[in-house]
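> The structure follows.
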Amino acid sequence: MSAAAEVVARPFGIPSKKLGMWLFIVSDALTFATLLICYTYLRLGSDKWPAPFEFSPSIVFSSVMTLVLLTSSLTMVAAVHATETGKTIRWLLATMFCGAAFVALHLTEWTHLIRDMQVTPWSNPWGEPLFGAVFFGITGLHMLHVTAGVIYLGIVAAGFGARRFTRDDVEVAGLYWHFVDLVWMFVFPLVYLMAVKP
Amino acid sequence: MTLFTRVWIFLLALTALEVFLAYIHTPLTVMLLALLGLSTLKAVYIVAYFMHMKFEVRRLRWLLFPAPIVLLLSLLALLPDAARGQCVMCQRTAAAQDQARRSSLNKAIAIMAAPPILLMTGILLRARRRPTP
């Protein structure tokens with residue numbers, strides 16, 4: 001293929017699957033940006049916004065969740081780089097394990113909020129029902145993305161093992177996974193750290 | 001130590017800094033801006049290194065980033081007002097109106113929302129009718 005034909009086939013220098021994932025990521029980023037900014041306005045607009053997150057367990061849990069998710073990004077990078085040496089599936093499983101650990105920790109944290117602190121999407125003891133709505137809305141949508149990501153990585157790992165999927169497919173799955181990590185980098189400070197118990 | 005491990009350690013350090021910031025007493029808006037700044041820095045590193053954007057062609061960046069940036073800037077345009085408590089005032093003023101004024105406010109919102117929704121619907125219908133070759 002000549003250089004000119006190459007430019008026409010790949011106008012953005014990447015395979016079309018990867019371009020498709022990038023476009024999905026941008027549109028998903030707009031969804032999360034809108035939700036988080038909506039939350040920020042509500043947070044600033046309220047003079048009695050609740051601060052229910054004590055250092056232990058909530059902030060410790062959410063900090064560990066940040067560590068777990070950042071580490072899962074590193075293992076995902078390792079999975080993409082290991083496609084030549086054949087350790088990809090092992091690294092993908094490590095990434096899925098981190099994702100599952102994140103969801104488990106987050107559900108524990110949710111249970112603590114719902115059971116011990118009576119926070120639900122409709123009401124809470126501080127008389128600011130919107131707190132529960134935005135908290136469970138934003139973290140719930142993010143948790144849904146992590147859960148979907150773990151399933152997606154499982155499908156890619158199985159397909160890569162069966163040689164139905166190639167290095168490109170692993171890389172595209174990696175893009176999605178890093179994006180989920182990126183979103184949490186905004187959810188953690190804005191939702192948790194902005195509501196630390198003083 | 002690979003480049004990616006170094007980026008990972010840097011991101012962890014920024015996270016620790018954010019947690020520390022949450023516990024020193026600063027005005028709410030200062031803390032919000034500091035956290036937003038640090039988070040944006042982390043996002044840039046994730047996109048540049050983990051998502052390989054640093055190593056892609058420039059044309060791809062021009063394709064992907066203008067829309068989020070314009071959206072963020074326009075959504076954040078009223079943030080200074082909100083930080084000064086204007087949102088609360090505005091909301092209370094609207095809530096204190098009588099029934100007739102409130103319904104005219106709602107009508108105004110519907111009228112303002114109609115053009116962009118119609119525009120989007122039109123674009124979607126056209127896109128459906130004309131599949132790319």
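By order in the structure tokens, chains are A, B, ...; within a chain, residues start at 1; ligands start at 1, following the order shown.
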Compute the set of chain B residues within 9 Å of chain A, using only C-alpha atoms, and express it as a PyMOL selection string.

chain B and resi 4-5+8+11-12+15-16+18-19+21-23+25+28-29+31-32+35-36+39-40+42-43+46-47+50-52+56-60+63-65+67-68+71-72+75-76+78-79+82-89+91

> Can I get the selected residues back with C-alpha atoms, as a PDB file, in the first residue's frame?


ATOM      1  CA  PHE B   4       4.326   3.858  33.061  1.00  0.00           C
ATOM      2  CA  THR B   5       5.345   2.885  36.600  1.00  0.00           C
ATOM      3  CA  TRP B   8       1.529   5.588  38.239  1.00  0.00           C
ATOM      4  CA  LEU B  11      -0.691   9.829  40.064  1.00  0.00           C
ATOM      5  CA  LEU B  12      -0.679   8.167  43.506  1.00  0.00           C
ATOM      6  CA  THR B  15      -4.075  11.542  45.065  1.00  0.00           C
ATOM      7  CA  ALA B  16      -2.338  11.664  48.462  1.00  0.00           C
ATOM      8  CA  GLU B  18      -5.690  15.746  47.339  1.00  0.00           C
ATOM      9  CA  VAL B  19      -6.630  13.794  50.473  1.00  0.00           C
ATOM     10  CA  LEU B  21      -5.802  19.153  50.987  1.00  0.00           C
ATOM     11  CA  ALA B  22      -9.269  18.021  52.080  1.00  0.00           C
ATOM     12  CA  TYR B  23      -8.167  18.119  55.725  1.00  0.00           C
ATOM     13  CA  HIS B  25      -8.975  24.347  56.495  1.00  0.00           C
ATOM     14  CA  LEU B  28     -14.745  25.960  49.929  1.00  0.00           C
ATOM     15  CA  THR B  29     -14.102  27.639  46.563  1.00  0.00           C
ATOM     16  CA  MET B  31     -10.451  23.850  47.779  1.00  0.00           C
ATOM     17  CA  LEU B  32     -12.785  23.197  44.837  1.00  0.00           C
ATOM     18  CA  LEU B  35      -9.043  19.752  43.591  1.00  0.00           C
ATOM     19  CA  LEU B  36     -10.308  20.471  40.061  1.00  0.00           C
ATOM     20  CA  SER B  39      -7.744  16.174  38.966  1.00  0.00           C
ATOM     21  CA  THR B  40      -7.353  17.767  35.544  1.00  0.00           C
ATOM     22  CA  LYS B  42      -4.175  13.562  36.658  1.00  0.00           C
ATOM     23  CA  ALA B  43      -6.602  13.222  33.737  1.00  0.00           C
ATOM     24  CA  ILE B  46      -3.833   9.285  32.122  1.00  0.00           C
ATOM     25  CA  VAL B  47      -4.868  10.394  28.620  1.00  0.00           C
ATOM     26  CA  PHE B  50      -1.979   5.295  29.655  1.00  0.00           C
ATOM     27  CA  MET B  51      -4.253   6.094  26.703  1.00  0.00           C
ATOM     28  CA  HIS B  52      -1.259   6.825  24.414  1.00  0.00           C
ATOM     29  CA  GLU B  56      -0.951   9.754  18.306  1.00  0.00           C
ATOM     30  CA  VAL B  57      -1.167  12.088  15.299  1.00  0.00           C
ATOM     31  CA  ARG B  58      -2.140  15.678  16.002  1.00  0.00           C
ATOM     32  CA  ARG B  59      -5.226  15.438  13.760  1.00  0.00           C
ATOM     33  CA  LEU B  60      -6.813  12.950  16.215  1.00  0.00           C
ATOM     34  CA  LEU B  63     -11.005  15.684  16.253  1.00  0.00           C
ATOM     35  CA  LEU B  64     -11.581  14.646  19.861  1.00  0.00           C
ATOM     36  CA  PHE B  65     -10.876  17.504  22.238  1.00  0.00           C
ATOM     37  CA  ALA B  67     -16.141  19.456  21.951  1.00  0.00           C
ATOM     38  CA  PRO B  68     -15.387  18.506  25.592  1.00  0.00           C
ATOM     39  CA  LEU B  71     -18.779  22.056  26.776  1.00  0.00           C
ATOM     40  CA  LEU B  72     -16.749  22.341  29.990  1.00  0.00           C
ATOM     41  CA  LEU B  75     -21.014  24.695  31.716  1.00  0.00           C
ATOM     42  CA  LEU B  76     -18.494  26.294  34.072  1.00  0.00           C
ATOM     43  CA  LEU B  78     -21.747  30.453  35.723  1.00  0.00           C
ATOM     44  CA  LEU B  79     -19.569  28.860  38.423  1.00  0.00           C
ATOM     45  CA  ALA B  82     -22.794  29.977  42.018  1.00  0.00           C
ATOM     46  CA  ALA B  83     -19.788  30.313  44.311  1.00  0.00           C
ATOM     47  CA  ARG B  84     -21.071  33.711  45.454  1.00  0.00           C
ATOM     48  CA  GLY B  85     -24.418  32.205  46.413  1.00  0.00           C
ATOM     49  CA  GLN B  86     -26.371  33.505  43.431  1.00  0.00           C
ATOM     50  CA  CYS B  87     -27.794  30.058  42.644  1.00  0.00           C
ATOM     51  CA  VAL B  88     -29.467  29.824  46.021  1.00  0.00           C
ATOM     52  CA  MET B  89     -30.952  33.317  45.609  1.00  0.00           C
ATOM     53  CA  GLN B  91     -33.746  29.337  43.141  1.00  0.00           C
TER      54      GLN B  91
END

> In chain B, what's alpha helix (DSSP H) per DSSP? Answer as a ChimeraX atom specification?

/B:3-23,28-45,58-64,66-76,79-83,86-96,99-129

> Go ahead and write the selection's residues with C-alpha atoms as an mmCIF file, in the first residue's frame.


data_model
loop_
_atom_site.group_PDB
_atom_site.id
_atom_site.type_symbol
_atom_site.label_atom_id
_atom_site.label_comp_id
_atom_site.auth_asym_id
_atom_site.auth_seq_id
_atom_site.Cartn_x
_atom_site.Cartn_y
_atom_site.Cartn_z
ATOM 1 C CA LEU B 3 7.786 5.176 32.160
ATOM 2 C CA PHE B 4 4.326 3.858 33.061
ATOM 3 C CA THR B 5 5.345 2.885 36.600
ATOM 4 C CA ARG B 6 6.707 6.402 37.106
ATOM 5 C CA VAL B 7 3.412 7.908 35.847
ATOM 6 C CA TRP B 8 1.529 5.588 38.239
ATOM 7 C CA ILE B 9 3.628 6.725 41.243
ATOM 8 C CA PHE B 10 3.115 10.373 40.235
ATOM 9 C CA LEU B 11 -0.691 9.829 40.064
ATOM 10 C CA LEU B 12 -0.679 8.167 43.506
ATOM 11 C CA ALA B 13 1.292 11.097 44.920
ATOM 12 C CA LEU B 14 -1.235 13.580 43.495
ATOM 13 C CA THR B 15 -4.075 11.542 45.065
ATOM 14 C CA ALA B 16 -2.338 11.664 48.462
ATOM 15 C CA LEU B 17 -1.946 15.435 48.060
ATOM 16 C CA GLU B 18 -5.690 15.746 47.339
ATOM 17 C CA VAL B 19 -6.630 13.794 50.473
ATOM 18 C CA PHE B 20 -4.241 15.993 52.495
ATOM 19 C CA LEU B 21 -5.802 19.153 50.987
ATOM 20 C CA ALA B 22 -9.269 18.021 52.080
ATOM 21 C CA TYR B 23 -8.167 18.119 55.725
ATOM 22 C CA LEU B 28 -14.745 25.960 49.929
ATOM 23 C CA THR B 29 -14.102 27.639 46.563
ATOM 24 C CA VAL B 30 -10.306 27.558 46.989
ATOM 25 C CA MET B 31 -10.451 23.850 47.779
ATOM 26 C CA LEU B 32 -12.785 23.197 44.837
ATOM 27 C CA LEU B 33 -10.420 24.962 42.426
ATOM 28 C CA ALA B 34 -7.350 23.176 43.850
ATOM 29 C CA LEU B 35 -9.043 19.752 43.591
ATOM 30 C CA LEU B 36 -10.308 20.471 40.061
ATOM 31 C CA GLY B 37 -6.813 21.583 39.018
ATOM 32 C CA LEU B 38 -5.099 18.496 40.457
ATOM 33 C CA SER B 39 -7.744 16.174 38.966
ATOM 34 C CA THR B 40 -7.353 17.767 35.544
ATOM 35 C CA LEU B 41 -3.577 17.241 35.818
ATOM 36 C CA LYS B 42 -4.175 13.562 36.658
ATOM 37 C CA ALA B 43 -6.602 13.222 33.737
ATOM 38 C CA VAL B 44 -4.038 14.748 31.365
ATOM 39 C CA TYR B 45 -1.402 12.215 32.483
ATOM 40 C CA ARG B 58 -2.140 15.678 16.002
ATOM 41 C CA ARG B 59 -5.226 15.438 13.760
ATOM 42 C CA LEU B 60 -6.813 12.950 16.215
ATOM 43 C CA ARG B 61 -6.479 15.457 19.070
ATOM 44 C CA TRP B 62 -8.179 18.119 16.948
ATOM 45 C CA LEU B 63 -11.005 15.684 16.253
ATOM 46 C CA LEU B 64 -11.581 14.646 19.861
ATOM 47 C CA PRO B 66 -12.638 20.708 21.050
ATOM 48 C CA ALA B 67 -16.141 19.456 21.951
ATOM 49 C CA PRO B 68 -15.387 18.506 25.592
ATOM 50 C CA ILE B 69 -13.396 21.704 26.125
ATOM 51 C CA VAL B 70 -16.166 23.949 24.738
ATOM 52 C CA LEU B 71 -18.779 22.056 26.776
ATOM 53 C CA LEU B 72 -16.749 22.341 29.990
ATOM 54 C CA LEU B 73 -16.128 26.048 29.499
ATOM 55 C CA SER B 74 -19.782 26.808 28.786
ATOM 56 C CA LEU B 75 -21.014 24.695 31.716
ATOM 57 C CA LEU B 76 -18.494 26.294 34.072
ATOM 58 C CA LEU B 79 -19.569 28.860 38.423
ATOM 59 C CA PRO B 80 -18.307 32.196 39.847
ATOM 60 C CA ASP B 81 -21.941 33.259 40.305
ATOM 61 C CA ALA B 82 -22.794 29.977 42.018
ATOM 62 C CA ALA B 83 -19.788 30.313 44.311
ATOM 63 C CA GLN B 86 -26.371 33.505 43.431
ATOM 64 C CA CYS B 87 -27.794 30.058 42.644
ATOM 65 C CA VAL B 88 -29.467 29.824 46.021
ATOM 66 C CA MET B 89 -30.952 33.317 45.609
ATOM 67 C CA CYS B 90 -32.156 32.617 42.109
ATOM 68 C CA GLN B 91 -33.746 29.337 43.141
ATOM 69 C CA ARG B 92 -35.477 30.932 46.130
ATOM 70 C CA THR B 93 -36.731 33.807 44.002
ATOM 71 C CA ALA B 94 -38.204 31.368 41.495
ATOM 72 C CA ALA B 95 -39.747 29.303 44.290
ATOM 73 C CA ALA B 96 -41.301 32.410 45.867
ATOM 74 C CA GLN B 99 -48.414 30.178 40.350
ATOM 75 C CA ALA B 100 -48.865 32.262 37.181
ATOM 76 C CA ARG B 101 -45.266 33.551 37.153
ATOM 77 C CA ARG B 102 -43.896 30.096 37.870
ATOM 78 C CA SER B 103 -45.775 28.582 34.943
ATOM 79 C CA SER B 104 -44.523 31.364 32.662
ATOM 80 C CA LEU B 105 -40.960 30.568 33.826
ATOM 81 C CA ASN B 106 -41.542 26.927 32.931
ATOM 82 C CA LYS B 107 -42.887 27.946 29.512
ATOM 83 C CA ALA B 108 -39.787 30.081 28.948
ATOM 84 C CA ILE B 109 -37.555 27.105 29.742
ATOM 85 C CA ALA B 110 -39.523 24.925 27.298
ATOM 86 C CA ILE B 111 -39.252 27.578 24.553
ATOM 87 C CA MET B 112 -35.495 27.937 25.129
ATOM 88 C CA ALA B 113 -34.999 24.160 25.048
ATOM 89 C CA ALA B 114 -37.033 23.589 21.873
ATOM 90 C CA PRO B 115 -34.549 24.860 19.195
ATOM 91 C CA PRO B 116 -31.544 22.749 20.275
ATOM 92 C CA ILE B 117 -33.729 19.652 20.697
ATOM 93 C CA LEU B 118 -35.310 20.160 17.250
ATOM 94 C CA LEU B 119 -31.873 20.765 15.738
ATOM 95 C CA MET B 120 -30.499 17.549 17.239
ATOM 96 C CA THR B 121 -33.570 15.586 16.110
ATOM 97 C CA GLY B 122 -33.120 16.928 12.569
ATOM 98 C CA ILE B 123 -29.444 15.976 12.507
ATOM 99 C CA LEU B 124 -30.241 12.491 13.827
ATOM 100 C CA LEU B 125 -33.015 11.958 11.251
ATOM 101 C CA ARG B 126 -30.741 13.090 8.404
ATOM 102 C CA ALA B 127 -27.933 10.862 9.667
ATOM 103 C CA ARG B 128 -30.319 7.889 9.718
ATOM 104 C CA ARG B 129 -31.615 8.538 6.243
#

> Applying 12 Å and only C-alpha atoms, which residues near region 150-162 of chain A remain after dropping the ones on its own chain fewer than 5 positions away? List them as an mmCIF file with C-alpha atoms, in the first residue's frame.


data_model
loop_
_atom_site.group_PDB
_atom_site.id
_atom_site.type_symbol
_atom_site.label_atom_id
_atom_site.label_comp_id
_atom_site.auth_asym_id
_atom_site.auth_seq_id
_atom_site.Cartn_x
_atom_site.Cartn_y
_atom_site.Cartn_z
ATOM 1 C CA LEU A 69 -8.238 1.579 40.178
ATOM 2 C CA SER A 72 -5.617 -1.697 37.496
ATOM 3 C CA MET A 76 -3.931 -2.939 31.791
ATOM 4 C CA ALA A 79 -1.548 -6.479 29.344
ATOM 5 C CA VAL A 80 -1.295 -4.459 26.122
ATOM 6 C CA THR A 83 0.777 -9.242 23.704
ATOM 7 C CA GLY A 86 2.063 -14.129 25.871
ATOM 8 C CA LYS A 87 1.268 -12.957 29.388
ATOM 9 C CA THR A 88 -1.658 -10.808 28.268
ATOM 10 C CA ILE A 89 -4.386 -13.008 29.730
ATOM 11 C CA ARG A 90 -2.685 -13.088 33.131
ATOM 12 C CA TRP A 91 -2.461 -9.276 33.198
ATOM 13 C CA LEU A 92 -6.067 -8.964 31.987
ATOM 14 C CA LEU A 93 -7.179 -11.218 34.857
ATOM 15 C CA ALA A 94 -5.216 -9.026 37.289
ATOM 16 C CA THR A 95 -7.000 -5.967 35.890
ATOM 17 C CA MET A 96 -10.394 -7.663 36.217
ATOM 18 C CA PHE A 97 -9.539 -8.629 39.796
ATOM 19 C CA CYS A 98 -8.738 -4.994 40.635
ATOM 20 C CA GLY A 99 -12.008 -3.890 39.007
ATOM 21 C CA ALA A 100 -13.995 -6.458 40.979
ATOM 22 C CA ALA A 101 -12.202 -5.397 44.193
ATOM 23 C CA PHE A 102 -13.151 -1.783 43.444
ATOM 24 C CA VAL A 103 -16.832 -2.692 43.043
ATOM 25 C CA MET A 143 -19.853 1.611 39.222
ATOM 26 C CA LEU A 144 -21.982 0.451 36.275
ATOM 27 C CA HIS A 145 -19.085 1.431 33.971
ATOM 28 C CA ARG A 167 -3.591 -6.962 20.042
ATOM 29 C CA ASP A 168 -5.746 -4.091 18.685
ATOM 30 C CA ASP A 169 -8.822 -5.401 20.517
ATOM 31 C CA VAL A 170 -6.881 -5.581 23.790
ATOM 32 C CA GLU A 171 -5.677 -2.027 23.244
ATOM 33 C CA VAL A 172 -9.233 -0.750 22.531
ATOM 34 C CA ALA A 173 -10.490 -2.442 25.720
ATOM 35 C CA GLY A 174 -7.596 -0.764 27.526
ATOM 36 C CA LEU A 175 -8.734 2.657 26.303
ATOM 37 C CA TYR A 176 -12.164 2.070 27.837
ATOM 38 C CA TRP A 177 -10.630 0.844 31.100
ATOM 39 C CA VAL A 180 -13.232 4.557 33.679
#

> Rank B:Met53, B:Ala48, B:Ile24, B:Met1 by their smallest atom-to-atom distance to Lys18 (chain A), using only C-alpha atoms, and report the top residue only.

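Smallest distance to Lys18 (chain A) is found for B:Met53.
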
> Grab the CA of Leu35 (chain A) to CA of Val134 (chain A) distance for me, in Å with one decimal place.

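That distance, rounded to one decimal, is 8.1 Å.
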
> Could you tell me how far CA of Ala104 (chain A) sits from CA of Met65 (chain A), in Å to one decimal place?

9.6 Å

> Check the smallest atom-to-atom distance from each of A:Val119, A:Ala9, A:Phe131, A:Leu141 to Asp28 (chain A) using only C-alpha atoms, then report the winner.

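Residue with the minimum atom-to-atom distance to Asp28 (chain A): A:Leu141.
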
> Could you state the separation of CA of Ala133 (chain A) and CA of Ser58 (chain A) in Å, given to one decimal place?

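That distance, rounded to one decimal, is 18.1 Å.
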
> Quick one: residues within 7 Å of Pro50 (chain A), only C-alpha atoms counted, chain neighbours fewer than 2 positions away excluded, as a PyMOL selection string?

chain A and resi 48+52+126+195

> Save the residues we just selected, N, CA and C atoms, as a PDB file, in the first residue's frame?


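Okay, this is what ended up in again.pdb:
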ATOM      1  N   LYS A  48     -26.465  24.096  53.337  1.00  0.00           N
ATOM      2  CA  LYS A  48     -26.459  23.059  54.377  1.00  0.00           C
ATOM      3  C   LYS A  48     -26.108  21.695  53.776  1.00  0.00           C
ATOM      4  N   PRO A  52     -20.957  13.867  55.361  1.00  0.00           N
ATOM      5  CA  PRO A  52     -21.080  12.630  56.133  1.00  0.00           C
ATOM      6  C   PRO A  52     -19.835  11.761  56.141  1.00  0.00           C
ATOM      7  N   TRP A 126     -29.849  15.006  57.085  1.00  0.00           N
ATOM      8  CA  TRP A 126     -29.460  16.421  57.078  1.00  0.00           C
ATOM      9  C   TRP A 126     -30.468  17.294  56.318  1.00  0.00           C
ATOM     10  N   ALA A 195     -16.931  16.541  50.670  1.00  0.00           N
ATOM     11  CA  ALA A 195     -17.937  16.317  51.719  1.00  0.00           C
ATOM     12  C   ALA A 195     -17.294  15.598  52.903  1.00  0.00           C
TER      13      ALA A 195
END
